[in-house]
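K.L.:
I'd like to ask some things about the structure below.
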Amino acid sequence: MNNSRSAESRPVRIHGNRRLFLYYWNRTKQNKLAIAGLGFILFLILLALIGPFFTADPTHVDFAERNVPPLGFSTEESIYDIKTNAFTVNLIEGTWKHPLGTDGKGRDMLAMLISGARISLEVGLLATLIAICIGALIGVLSAYLGGWWDNVLMRFTDIMMTFPFFLLLVLIIFMFGPSLTLIVLVIGLTGWTGAARLIRSEALSLRTREFITAARALGASDARIVIRHLIPNVASLIIVMATLSIPGVILAESALSFIGLGDPSQTSWGIILNDGQKSLDTAWWVAVEPGIMLFFTVLAFNFLGDGLRDAFDPRSNLDAR
Amino acid sequence: MTDSTILEVQDLKTYFFTRRGAVKAVDGIDFSLKKGECLCLVGESGCGKSVTVLSLLRLVAAPGRIVSGQVHYNNVDLVHCSEEKLRGIRGGDIAMIFQDAQSAFNPVLTIGDQIAEQMTIHGSIDRQAVKNKGIELLKEMNIPEPDRVWDSFPHQLSGGMKQRAMIAMSLSCDPKILIADEPTTAVDVTIKAQILDILHTLKEKRGMSLIFVTHDLGIVADIGDRAQVIYGGKSIEMASVSEIINNPGHPYTKGLIACLPDSSTDSERLASIPGTAPNPIDLPEGCPFHPRCAQVMDICRHVVPKQTIISETHTVNCHLFG
Amino acid sequence: MRKSWLQGYILKRLLYAVIIAWGIVTITFILIRIGPNSPADKYLANIAARGQDVAQVTAAIESRYGLDKPIIVQYGDYLMHLAQGDLGWSFSTSMPVIDLIGKHWIYSFQLIFLSSLLAAIIGILLGMYSAVKQYSKIDYIISTFSFAGISIPNFWLGVMLILLFSVKLGWFKVFYDTTLPLLSLENLKALVLPVFTLGTGMVAGYVRYTRSAMLDNLRKAFVTTARAKGLPERTVIGKHVFRNAMLPLVTIIMFDLGSIVFGGAYLTEIIFGIPGLGQISFNAVFANDYPVVIAITLIGTFLALLVNLITDIAYTYFDPRIRYE
């Protein structure tokens with residue numbers, strides 16, 4: 001066997017390996033939907049970062065400009081005139097000043113949606129990060145301590161997994177008051193079960209593999225084995241899992257805000273939607289727009305996650321067709 | 001087609017269409033099968049012999065497709081006939097057994113269900129008669145406790161048992177032709193002997209024709225009447241088994257024979273053919289064997305050799321005989 | 001086949017369910033009771049309006065319901081009652097919790113039953129079709145829709161359906177009409193939008209799972225065997241492939257069913273004002289009515305565990321290879 005062949009068939013370390021990154025990137029690139037998803041997510045991040053510099057203050061209330069429809073649409077507003085004792089009908093048309101319209105308090109929808117994008121991304125990324133860290137810790141501990149500890153940790157994981165998660169969220173937020181920090185913490189602190197199980201089973205199967213035994217024989221410490229071997233080996237699984245769990249987190253925060261338990265000091269999509277639901281007959285766009293953003297964001301993460309899973313899965317044959 | 005010919009294959013080509021291009025798994029195979037004979041298709045793994053037999057009954061799954069050729073059976077062209085007609089022949093007139101009985105049985109249905117299903121689809125209605133015949137067949141295959149096996153799931157049987165049950169299933173509709181796709185590759189030596197014995201007896205007793213796919217020339221010598229050597233998806237030599245063994249024409253066949261362990265000499269080392277089987281996605285121009293051939297000539301690199309008749313029972317596709 | 005090991009297995013699993021239920025009761029109880037709110041809160045406005053001393057009356061109410069005892073004693077009391085099948089007293093509705101649940105479960109049940117049934121049938125059929133016609137135009141269309149279906153927030157879908165069919169077109173009432181008799185055509189009509197809201201995501205999920213499970217099995221050797229036996233394609237797909245693809249599907253569908261009470265059904269009930277278990281537990285949270293919250297959480301969890309157990313047992317019949325330790 002010559003040298004170039006053996007380099008290809010050797011198990012490759014993940015961190016710091018540019019070639020491997022390129023390999024996975026090339027596999028991901030074949031999936032157009034995944035790339036579209038990635039594009040949308042990047043666009044959203046950009047929007048959340050620089051959007052606020054170009055739009056109005058999302059909390060600015062202006063009753064003179066309330067319920068302005070989006071550009072290209074118009075609505076009729078009937079106003080009761082006390083002098084003539086009759087309704088006068090006003091035609092309101094969308095303006096460039098508020099391209100996506102305004103809500104019932106005259107707040108600019110575009111500015112609110114951009115603020116919502118920031119919150120959704122923050123919640124999604126932070127809560128997932130917390131969940132993955134806890135999951136990794138519990139999974140690795142469970143696998144390496146084994147025995148009694150493994151049993152206790154896994155039974156605890158089972159309980160957390162069985163717990164009606166959304167009810168727990170509603171309960172805690174109601175008890176301790178709606179704040180974004182608390183929402184992120186609760187989602188992060190309850191959402192780690194999947195990651196813990198995955199990482200535990202991966203760690204258990206790794207323990208028996210030859211290269212770990214070899215590392216042991218060479219005197220590597222457990223901590224070193226975890227950092228140098230286990231984590232790189234489960235990295236792809238974690239990336240896929242994280243990408244696919246972000247939309248769930250975003251949806252949970254929105255649903256919570258939607259039922260009135262959102263952080264009132266923040267303009268999240270769920271909160272806008274909650275307002276919009278109450279004014280479906282006068283200003284439909286207030287309910288429609290945040291939902292569309294939510295839908296495309298979730299779709300984008302799902303597309304990307306799916307593409308990554310296929311790319312990381314050595315069994316998936318991307319060549320067939 | 002002479003009277004004794006039961007199946008005739010002409011210029012069969014089956015390609016797999018993938019993103020990287022067409023994989024020419026079968027690229028021009030001709031042979032005929034006579035009544036009551038055992039024809040062996042011989043070749044290395046990946047030479048296209050399994051795809052050939054799958055193509056006979058149009059069992060190649062997408063992205064594979066039969067791109068040309070004819071398979072004549074009983075005045076019907078199996079490549080072009082209707083689905084309905086074909087289904088009557090599949091499992092009825094022409095039955096098939098596979099390499100790995102473990103995965104060839106449906107894991108969630110009992111052996112009995114799966115045998116009975118085949119008989120029912122080909123017209124047997126009486127459930128009790130079906131079961132009796134099925135158990136009779138299992139018994140004929142030397143399966144102990146056939147009643148118990150009838151109600152067993154595949155995972156409850158040993159590999160050899162499964163293979164024999166598979167043969168029983170294939171015989172359930174009294175086929176005229178049995179196609180066996182490497183039925184002895186996945187079983188151990190004693191089972192292998194048993195299975196070959198069963199197949200041999202069946203051929204003799206029922207007058208059934210047998211197409212036997214194998215890479216093992218030992219088996220060919222054991223059970224075969226004639227042999228067709230396949231290389232790179234093409235027929236390269238066809239002869240009676242004794243001629244193939246004693247007087248091989250094609251350099252590739254010669255190589256295969258040389259690979260056989262020979263008990264008459266004390267030589268410890270087995271000969272081998274240098275190089276590897278060709279990549280079917282990028283077959284070499286000319287004769288597919290030329291990159292590995294010791295007697296390669298200039299013409300071999302450019303022109304596909306035509307069939308040359310050496311004797312009444314021996315043809316070879318090689319420029320050495322041109 | 002005799003399955004004598006099954007009994008021990010079921011017992012073990014039931015015991016396990018009890019332990020998990022205990023864990024959940026404990027977590028819920030602690031969460032609610034360490035919170036700053038009290039079930040007496042809802043009387044405060046009345047008390048203040050009547051000019052009574054708020055602190056004194058609150059104390060009286062709390063003492064009546066045993067809320068003044070140390071939390072550990074309350075917890076012990078609650079567990080004791082629970083062990084005897086007593087789910088407690090609902091403060092906010094002034095009736096035993098068991099009666100409250102008895103009155104409302106049917107609303108959740110009809111919503112969940114209809115949605116799951118329709119979603120399973122439609123999802124499995126579309127998924128099978130999509131798998132058999134892999135890479136065809138219809139496959140792409142079904143796959144795209146199923147991706148959209150799993151991504152659409154179901155509470156938003158509910159609002160949009162209300163906007164379109166109730167507000168704009170006026171075909172349906174905005175809120176579910178609780179006065180309708182359960183077994184009537186009008187009731188069925190009132191459930192159309194909620195079932196659609198809850199079912200869309202489920203259909204999409206089942207399409208995806210069915211498709212991939214079918215594709216996994218379509219390439220297996222036994223499919224070629226089945227074809228070689230002369231079976232028509234309908235039988236090959238519908239019997240041989242589907243029987244194998246069904247195994248992972250059953251788990252997923254049943255798991256969905258077990259967790260749906262507090263999943264999609266919860267929000268759907270709130271959006272459409274359906275007075276099911278989700279809605280009453282939601283209201284109970286806001287009323288600090290902790291016995292109701294715990295009871296419904298417990299029922300939801302137990303249901304999920306029970307469904308999972310039934311699935312595992314059913315599995316041994318669907319898949320003869322399975323044997324649990």
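Order determines the names: the first chain of the structure tokens is A, the second B, and so forth; residues in each chain are numbered 1 upward, and ligands are numbered 1 upward as they are shown.
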What are the DSSP helix (DSSP H, G or I) residues of range 136-237 of chain B, as a PDB file with N, CA, C and O atoms, in the first residue's frame?
P.N.:
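Result went into out_17.pdb, see below:
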```
ATOM      1  N   GLU B 136     -43.548 -31.025   3.085  1.00  0.00           N
ATOM      2  CA  GLU B 136     -42.945 -32.128   2.328  1.00  0.00           C
ATOM      3  C   GLU B 136     -41.609 -31.678   1.713  1.00  0.00           C
ATOM      4  O   GLU B 136     -40.600 -32.394   1.773  1.00  0.00           O
ATOM      5  N   LEU B 137     -41.643 -30.472   1.139  1.00  0.00           N
ATOM      6  CA  LEU B 137     -40.422 -29.931   0.506  1.00  0.00           C
ATOM      7  C   LEU B 137     -39.316 -29.728   1.541  1.00  0.00           C
ATOM      8  O   LEU B 137     -38.152 -30.042   1.286  1.00  0.00           O
ATOM      9  N   LEU B 138     -39.702 -29.200   2.710  1.00  0.00           N
ATOM     10  CA  LEU B 138     -38.703 -28.982   3.759  1.00  0.00           C
ATOM     11  C   LEU B 138     -38.062 -30.321   4.129  1.00  0.00           C
ATOM     12  O   LEU B 138     -36.854 -30.427   4.334  1.00  0.00           O
ATOM     13  N   LYS B 139     -38.914 -31.350   4.185  1.00  0.00           N
ATOM     14  CA  LYS B 139     -38.421 -32.680   4.536  1.00  0.00           C
ATOM     15  C   LYS B 139     -37.443 -33.165   3.465  1.00  0.00           C
ATOM     16  O   LYS B 139     -36.390 -33.723   3.762  1.00  0.00           O
ATOM     17  N   GLU B 140     -37.823 -32.909   2.210  1.00  0.00           N
ATOM     18  CA  GLU B 140     -36.973 -33.324   1.098  1.00  0.00           C
ATOM     19  C   GLU B 140     -35.598 -32.653   1.164  1.00  0.00           C
ATOM     20  O   GLU B 140     -34.611 -33.183   0.676  1.00  0.00           O
ATOM     21  N   PRO B 146     -39.576 -30.491  10.263  1.00  0.00           N
ATOM     22  CA  PRO B 146     -40.103 -29.524   9.283  1.00  0.00           C
ATOM     23  C   PRO B 146     -41.342 -28.780   9.789  1.00  0.00           C
ATOM     24  O   PRO B 146     -41.545 -27.630   9.411  1.00  0.00           O
ATOM     25  N   ASP B 147     -42.133 -29.421  10.647  1.00  0.00           N
ATOM     26  CA  ASP B 147     -43.332 -28.731  11.151  1.00  0.00           C
ATOM     27  C   ASP B 147     -42.947 -27.518  11.981  1.00  0.00           C
ATOM     28  O   ASP B 147     -43.563 -26.463  11.894  1.00  0.00           O
ATOM     29  N   ARG B 148     -41.932 -27.704  12.799  1.00  0.00           N
ATOM     30  CA  ARG B 148     -41.496 -26.610  13.654  1.00  0.00           C
ATOM     31  C   ARG B 148     -40.874 -25.489  12.805  1.00  0.00           C
ATOM     32  O   ARG B 148     -41.130 -24.306  13.015  1.00  0.00           O
ATOM     33  N   VAL B 149     -40.087 -25.907  11.816  1.00  0.00           N
ATOM     34  CA  VAL B 149     -39.433 -24.919  10.950  1.00  0.00           C
ATOM     35  C   VAL B 149     -40.472 -24.104  10.182  1.00  0.00           C
ATOM     36  O   VAL B 149     -40.319 -22.906   9.990  1.00  0.00           O
ATOM     37  N   TRP B 150     -41.540 -24.780   9.794  1.00  0.00           N
ATOM     38  CA  TRP B 150     -42.604 -24.092   9.047  1.00  0.00           C
ATOM     39  C   TRP B 150     -43.127 -22.880   9.828  1.00  0.00           C
ATOM     40  O   TRP B 150     -43.394 -21.823   9.262  1.00  0.00           O
ATOM     41  N   PRO B 154     -37.218 -16.556  10.473  1.00  0.00           N
ATOM     42  CA  PRO B 154     -35.868 -16.787   9.920  1.00  0.00           C
ATOM     43  C   PRO B 154     -34.756 -16.727  10.971  1.00  0.00           C
ATOM     44  O   PRO B 154     -33.829 -17.530  10.918  1.00  0.00           O
ATOM     45  N   HIS B 155     -34.878 -15.778  11.935  1.00  0.00           N
ATOM     46  CA  HIS B 155     -33.759 -15.631  12.864  1.00  0.00           C
ATOM     47  C   HIS B 155     -33.627 -16.813  13.805  1.00  0.00           C
ATOM     48  O   HIS B 155     -32.636 -16.945  14.501  1.00  0.00           O
ATOM     49  N   GLN B 156     -34.655 -17.679  13.830  1.00  0.00           N
ATOM     50  CA  GLN B 156     -34.583 -18.832  14.729  1.00  0.00           C
ATOM     51  C   GLN B 156     -33.876 -20.024  14.103  1.00  0.00           C
ATOM     52  O   GLN B 156     -33.683 -21.041  14.749  1.00  0.00           O
ATOM     53  N   GLY B 159     -27.893 -20.767   9.608  1.00  0.00           N
ATOM     54  CA  GLY B 159     -27.653 -20.309   8.239  1.00  0.00           C
ATOM     55  C   GLY B 159     -27.901 -21.401   7.206  1.00  0.00           C
ATOM     56  O   GLY B 159     -28.542 -21.173   6.190  1.00  0.00           O
ATOM     57  N   GLY B 160     -27.405 -22.593   7.484  1.00  0.00           N
ATOM     58  CA  GLY B 160     -27.571 -23.693   6.548  1.00  0.00           C
ATOM     59  C   GLY B 160     -29.029 -24.089   6.398  1.00  0.00           C
ATOM     60  O   GLY B 160     -29.502 -24.391   5.295  1.00  0.00           O
ATOM     61  N   MET B 161     -29.748 -24.053   7.526  1.00  0.00           N
ATOM     62  CA  MET B 161     -31.179 -24.362   7.502  1.00  0.00           C
ATOM     63  C   MET B 161     -31.926 -23.380   6.647  1.00  0.00           C
ATOM     64  O   MET B 161     -32.803 -23.749   5.856  1.00  0.00           O
ATOM     65  N   LYS B 162     -31.580 -22.113   6.830  1.00  0.00           N
ATOM     66  CA  LYS B 162     -32.255 -21.057   6.072  1.00  0.00           C
ATOM     67  C   LYS B 162     -32.014 -21.268   4.584  1.00  0.00           C
ATOM     68  O   LYS B 162     -32.929 -21.147   3.781  1.00  0.00           O
ATOM     69  N   GLN B 163     -30.760 -21.607   4.235  1.00  0.00           N
ATOM     70  CA  GLN B 163     -30.447 -21.780   2.822  1.00  0.00           C
ATOM     71  C   GLN B 163     -31.261 -22.935   2.246  1.00  0.00           C
ATOM     72  O   GLN B 163     -31.787 -22.851   1.144  1.00  0.00           O
ATOM     73  N   ARG B 164     -31.400 -23.997   3.039  1.00  0.00           N
ATOM     74  CA  ARG B 164     -32.175 -25.138   2.546  1.00  0.00           C
ATOM     75  C   ARG B 164     -33.661 -24.794   2.463  1.00  0.00           C
ATOM     76  O   ARG B 164     -34.349 -25.204   1.534  1.00  0.00           O
ATOM     77  N   ALA B 165     -34.143 -24.013   3.450  1.00  0.00           N
ATOM     78  CA  ALA B 165     -35.541 -23.583   3.410  1.00  0.00           C
ATOM     79  C   ALA B 165     -35.784 -22.717   2.176  1.00  0.00           C
ATOM     80  O   ALA B 165     -36.842 -22.778   1.538  1.00  0.00           O
ATOM     81  N   MET B 166     -34.754 -21.926   1.839  1.00  0.00           N
ATOM     82  CA  MET B 166     -34.850 -21.063   0.662  1.00  0.00           C
ATOM     83  C   MET B 166     -34.970 -21.907  -0.608  1.00  0.00           C
ATOM     84  O   MET B 166     -35.769 -21.608  -1.499  1.00  0.00           O
ATOM     85  N   ILE B 167     -34.195 -23.001  -0.659  1.00  0.00           N
ATOM     86  CA  ILE B 167     -34.294 -23.882  -1.830  1.00  0.00           C
ATOM     87  C   ILE B 167     -35.689 -24.508  -1.875  1.00  0.00           C
ATOM     88  O   ILE B 167     -36.331 -24.552  -2.929  1.00  0.00           O
ATOM     89  N   ALA B 168     -36.182 -24.913  -0.697  1.00  0.00           N
ATOM     90  CA  ALA B 168     -37.527 -25.493  -0.643  1.00  0.00           C
ATOM     91  C   ALA B 168     -38.544 -24.499  -1.179  1.00  0.00           C
ATOM     92  O   ALA B 168     -39.430 -24.855  -1.960  1.00  0.00           O
ATOM     93  N   MET B 169     -38.395 -23.246  -0.780  1.00  0.00           N
ATOM     94  CA  MET B 169     -39.332 -22.226  -1.237  1.00  0.00           C
ATOM     95  C   MET B 169     -39.266 -22.079  -2.752  1.00  0.00           C
ATOM     96  O   MET B 169     -40.289 -21.991  -3.420  1.00  0.00           O
ATOM     97  N   SER B 170     -38.055 -22.083  -3.277  1.00  0.00           N
ATOM     98  CA  SER B 170     -37.912 -21.866  -4.720  1.00  0.00           C
ATOM     99  C   SER B 170     -38.533 -23.016  -5.495  1.00  0.00           C
ATOM    100  O   SER B 170     -38.978 -22.844  -6.617  1.00  0.00           O
ATOM    101  N   LEU B 171     -38.556 -24.206  -4.885  1.00  0.00           N
ATOM    102  CA  LEU B 171     -39.090 -25.373  -5.598  1.00  0.00           C
ATOM    103  C   LEU B 171     -40.591 -25.514  -5.453  1.00  0.00           C
ATOM    104  O   LEU B 171     -41.195 -26.394  -6.066  1.00  0.00           O
ATOM    105  N   VAL B 189     -18.299 -25.241   5.089  1.00  0.00           N
ATOM    106  CA  VAL B 189     -17.967 -26.278   4.111  1.00  0.00           C
ATOM    107  C   VAL B 189     -18.930 -27.466   4.104  1.00  0.00           C
ATOM    108  O   VAL B 189     -19.328 -27.928   3.038  1.00  0.00           O
ATOM    109  N   THR B 190     -19.313 -27.929   5.305  1.00  0.00           N
ATOM    110  CA  THR B 190     -20.182 -29.112   5.326  1.00  0.00           C
ATOM    111  C   THR B 190     -21.543 -28.791   4.739  1.00  0.00           C
ATOM    112  O   THR B 190     -22.106 -29.571   3.972  1.00  0.00           O
ATOM    113  N   ILE B 191     -22.070 -27.590   5.087  1.00  0.00           N
ATOM    114  CA  ILE B 191     -23.357 -27.171   4.544  1.00  0.00           C
ATOM    115  C   ILE B 191     -23.251 -27.021   3.033  1.00  0.00           C
ATOM    116  O   ILE B 191     -24.153 -27.397   2.281  1.00  0.00           O
ATOM    117  N   LYS B 192     -22.127 -26.472   2.619  1.00  0.00           N
ATOM    118  CA  LYS B 192     -21.897 -26.267   1.197  1.00  0.00           C
ATOM    119  C   LYS B 192     -22.030 -27.599   0.447  1.00  0.00           C
ATOM    120  O   LYS B 192     -22.744 -27.685  -0.555  1.00  0.00           O
ATOM    121  N   ALA B 193     -21.396 -28.622   0.994  1.00  0.00           N
ATOM    122  CA  ALA B 193     -21.468 -29.937   0.363  1.00  0.00           C
ATOM    123  C   ALA B 193     -22.905 -30.432   0.320  1.00  0.00           C
ATOM    124  O   ALA B 193     -23.372 -30.938  -0.708  1.00  0.00           O
ATOM    125  N   GLN B 194     -23.626 -30.239   1.423  1.00  0.00           N
ATOM    126  CA  GLN B 194     -25.021 -30.679   1.466  1.00  0.00           C
ATOM    127  C   GLN B 194     -25.861 -29.980   0.405  1.00  0.00           C
ATOM    128  O   GLN B 194     -26.648 -30.607  -0.296  1.00  0.00           O
ATOM    129  N   ILE B 195     -25.656 -28.671   0.305  1.00  0.00           N
ATOM    130  CA  ILE B 195     -26.471 -27.903  -0.633  1.00  0.00           C
ATOM    131  C   ILE B 195     -26.172 -28.307  -2.072  1.00  0.00           C
ATOM    132  O   ILE B 195     -27.087 -28.503  -2.878  1.00  0.00           O
ATOM    133  N   LEU B 196     -24.892 -28.482  -2.373  1.00  0.00           N
ATOM    134  CA  LEU B 196     -24.532 -28.912  -3.721  1.00  0.00           C
ATOM    135  C   LEU B 196     -25.149 -30.267  -4.017  1.00  0.00           C
ATOM    136  O   LEU B 196     -25.654 -30.519  -5.121  1.00  0.00           O
ATOM    137  N   ASP B 197     -25.147 -31.123  -3.016  1.00  0.00           N
ATOM    138  CA  ASP B 197     -25.716 -32.447  -3.165  1.00  0.00           C
ATOM    139  C   ASP B 197     -27.206 -32.360  -3.483  1.00  0.00           C
ATOM    140  O   ASP B 197     -27.707 -33.002  -4.395  1.00  0.00           O
ATOM    141  N   ILE B 198     -27.894 -31.505  -2.697  1.00  0.00           N
ATOM    142  CA  ILE B 198     -29.329 -31.331  -2.914  1.00  0.00           C
ATOM    143  C   ILE B 198     -29.609 -30.835  -4.326  1.00  0.00           C
ATOM    144  O   ILE B 198     -30.450 -31.375  -5.046  1.00  0.00           O
ATOM    145  N   LEU B 199     -28.850 -29.822  -4.735  1.00  0.00           N
ATOM    146  CA  LEU B 199     -29.082 -29.243  -6.065  1.00  0.00           C
ATOM    147  C   LEU B 199     -28.829 -30.277  -7.159  1.00  0.00           C
ATOM    148  O   LEU B 199     -29.566 -30.370  -8.140  1.00  0.00           O
ATOM    149  N   HIS B 200     -27.772 -31.075  -6.963  1.00  0.00           N
ATOM    150  CA  HIS B 200     -27.429 -32.090  -7.948  1.00  0.00           C
ATOM    151  C   HIS B 200     -28.563 -33.117  -8.062  1.00  0.00           C
ATOM    152  O   HIS B 200     -29.003 -33.460  -9.154  1.00  0.00           O
ATOM    153  N   THR B 201     -29.049 -33.558  -6.896  1.00  0.00           N
ATOM    154  CA  THR B 201     -30.134 -34.533  -6.880  1.00  0.00           C
ATOM    155  C   THR B 201     -31.376 -33.972  -7.567  1.00  0.00           C
ATOM    156  O   THR B 201     -32.036 -34.666  -8.349  1.00  0.00           O
ATOM    157  N   LEU B 202     -31.678 -32.708  -7.275  1.00  0.00           N
ATOM    158  CA  LEU B 202     -32.858 -32.081  -7.863  1.00  0.00           C
ATOM    159  C   LEU B 202     -32.776 -32.079  -9.374  1.00  0.00           C
ATOM    160  O   LEU B 202     -33.754 -32.363 -10.073  1.00  0.00           O
ATOM    161  N   LYS B 203     -31.610 -31.717  -9.845  1.00  0.00           N
ATOM    162  CA  LYS B 203     -31.412 -31.638 -11.283  1.00  0.00           C
ATOM    163  C   LYS B 203     -31.663 -33.015 -11.903  1.00  0.00           C
ATOM    164  O   LYS B 203     -32.379 -33.131 -12.893  1.00  0.00           O
ATOM    165  N   GLU B 204     -31.085 -34.041 -11.274  1.00  0.00           N
ATOM    166  CA  GLU B 204     -31.220 -35.401 -11.808  1.00  0.00           C
ATOM    167  C   GLU B 204     -32.668 -35.861 -11.708  1.00  0.00           C
ATOM    168  O   GLU B 204     -33.234 -36.365 -12.662  1.00  0.00           O
ATOM    169  N   LYS B 205     -33.296 -35.646 -10.546  1.00  0.00           N
ATOM    170  CA  LYS B 205     -34.604 -36.220 -10.290  1.00  0.00           C
ATOM    171  C   LYS B 205     -35.711 -35.477 -11.028  1.00  0.00           C
ATOM    172  O   LYS B 205     -36.623 -36.080 -11.572  1.00  0.00           O
ATOM    173  N   ARG B 206     -35.623 -34.180 -11.053  1.00  0.00           N
ATOM    174  CA  ARG B 206     -36.711 -33.398 -11.643  1.00  0.00           C
ATOM    175  C   ARG B 206     -36.443 -32.987 -13.082  1.00  0.00           C
ATOM    176  O   ARG B 206     -37.295 -32.364 -13.702  1.00  0.00           O
ATOM    177  N   LEU B 217     -14.253 -22.401  -9.018  1.00  0.00           N
ATOM    178  CA  LEU B 217     -14.148 -23.390 -10.102  1.00  0.00           C
ATOM    179  C   LEU B 217     -14.280 -24.810  -9.567  1.00  0.00           C
ATOM    180  O   LEU B 217     -14.644 -25.724 -10.307  1.00  0.00           O
ATOM    181  N   GLY B 218     -13.987 -25.009  -8.301  1.00  0.00           N
ATOM    182  CA  GLY B 218     -14.162 -26.317  -7.681  1.00  0.00           C
ATOM    183  C   GLY B 218     -15.618 -26.752  -7.781  1.00  0.00           C
ATOM    184  O   GLY B 218     -15.923 -27.894  -8.128  1.00  0.00           O
ATOM    185  N   ILE B 219     -16.526 -25.798  -7.489  1.00  0.00           N
ATOM    186  CA  ILE B 219     -17.957 -26.095  -7.575  1.00  0.00           C
ATOM    187  C   ILE B 219     -18.342 -26.370  -9.019  1.00  0.00           C
ATOM    188  O   ILE B 219     -19.106 -27.294  -9.312  1.00  0.00           O
ATOM    189  N   VAL B 220     -17.765 -25.590  -9.922  1.00  0.00           N
ATOM    190  CA  VAL B 220     -18.080 -25.767 -11.341  1.00  0.00           C
ATOM    191  C   VAL B 220     -17.736 -27.193 -11.761  1.00  0.00           C
ATOM    192  O   VAL B 220     -18.536 -27.891 -12.399  1.00  0.00           O
ATOM    193  N   ALA B 221     -16.556 -27.652 -11.367  1.00  0.00           N
ATOM    194  CA  ALA B 221     -16.129 -28.996 -11.717  1.00  0.00           C
ATOM    195  C   ALA B 221     -17.055 -30.045 -11.106  1.00  0.00           C
ATOM    196  O   ALA B 221     -17.328 -31.084 -11.683  1.00  0.00           O
ATOM    197  N   ASP B 222     -17.550 -29.712  -9.933  1.00  0.00           N
ATOM    198  CA  ASP B 222     -18.377 -30.627  -9.164  1.00  0.00           C
ATOM    199  C   ASP B 222     -19.763 -30.817  -9.771  1.00  0.00           C
ATOM    200  O   ASP B 222     -20.260 -31.916  -9.924  1.00  0.00           O
ATOM    201  N   ILE B 223     -20.392 -29.690 -10.117  1.00  0.00           N
ATOM    202  CA  ILE B 223     -21.824 -29.737 -10.416  1.00  0.00           C
ATOM    203  C   ILE B 223     -22.149 -29.350 -11.853  1.00  0.00           C
ATOM    204  O   ILE B 223     -23.184 -29.731 -12.390  1.00  0.00           O
TER     205      ILE B 223
END
```
K.L.:
Determine which residues of range 18-197 of chain A receive a DSSP assignment of strand (DSSP E or B), computed from the backbone, and state them as a ChimeraX atom specification.
P.N.:
/A:74-81,86-93,102,108
K.L.:
Can you build me a table of chain B residues sitting at most 10 Å from chain A, with the closest atom pair per residue and its distance in Å to one decimal, using only C-alpha atoms, sorted by chain and residue number, as a tab-separated table?
P.N.:
```
residue	atom	partner	partner_atom	distance
B:Phe16	CA	A:Ala320	CA	9.8
B:Phe17	CA	A:Arg321	CA	7.8
B:Thr18	CA	A:Ala320	CA	5.3
B:Arg19	CA	A:Arg321	CA	4.9
B:Arg20	CA	A:Asp319	CA	7.1
B:Gly21	CA	A:Arg321	CA	9.7
B:Ala62	CA	A:Ala320	CA	9.9
B:Pro63	CA	A:Ala320	CA	7.9
```
K.L.:
Could you write out that same residue set with N, CA and C atoms as a PDB file, in the first residue's frame?
P.N.:
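Ended up saving to part_21.pdb:
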```pdb
ATOM      1  N   PHE B  16     -25.883   0.720 -14.621  1.00  0.00           N
ATOM      2  CA  PHE B  16     -26.372   1.466 -13.463  1.00  0.00           C
ATOM      3  C   PHE B  16     -26.055   2.940 -13.688  1.00  0.00           C
ATOM      4  N   PHE B  17     -27.087   3.756 -13.655  1.00  0.00           N
ATOM      5  CA  PHE B  17     -26.874   5.170 -13.974  1.00  0.00           C
ATOM      6  C   PHE B  17     -26.691   5.976 -12.700  1.00  0.00           C
ATOM      7  N   THR B  18     -25.465   6.374 -12.420  1.00  0.00           N
ATOM      8  CA  THR B  18     -25.167   7.144 -11.218  1.00  0.00           C
ATOM      9  C   THR B  18     -24.662   8.515 -11.631  1.00  0.00           C
ATOM     10  N   ARG B  19     -24.478   9.336 -10.622  1.00  0.00           N
ATOM     11  CA  ARG B  19     -24.007  10.690 -10.869  1.00  0.00           C
ATOM     12  C   ARG B  19     -22.648  10.706 -11.562  1.00  0.00           C
ATOM     13  N   ARG B  20     -21.844   9.685 -11.237  1.00  0.00           N
ATOM     14  CA  ARG B  20     -20.493   9.669 -11.805  1.00  0.00           C
ATOM     15  C   ARG B  20     -20.443   9.060 -13.197  1.00  0.00           C
ATOM     16  N   GLY B  21     -21.592   8.626 -13.686  1.00  0.00           N
ATOM     17  CA  GLY B  21     -21.621   8.053 -15.012  1.00  0.00           C
ATOM     18  C   GLY B  21     -22.267   6.681 -14.984  1.00  0.00           C
ATOM     19  N   ALA B  62     -33.529   0.223  -9.477  1.00  0.00           N
ATOM     20  CA  ALA B  62     -32.991   1.518  -9.868  1.00  0.00           C
ATOM     21  C   ALA B  62     -31.793   1.842  -8.965  1.00  0.00           C
ATOM     22  N   PRO B  63     -30.765   2.527  -9.444  1.00  0.00           N
ATOM     23  CA  PRO B  63     -30.653   3.155 -10.759  1.00  0.00           C
ATOM     24  C   PRO B  63     -30.204   2.213 -11.870  1.00  0.00           C
TER      25      PRO B  63
END
```
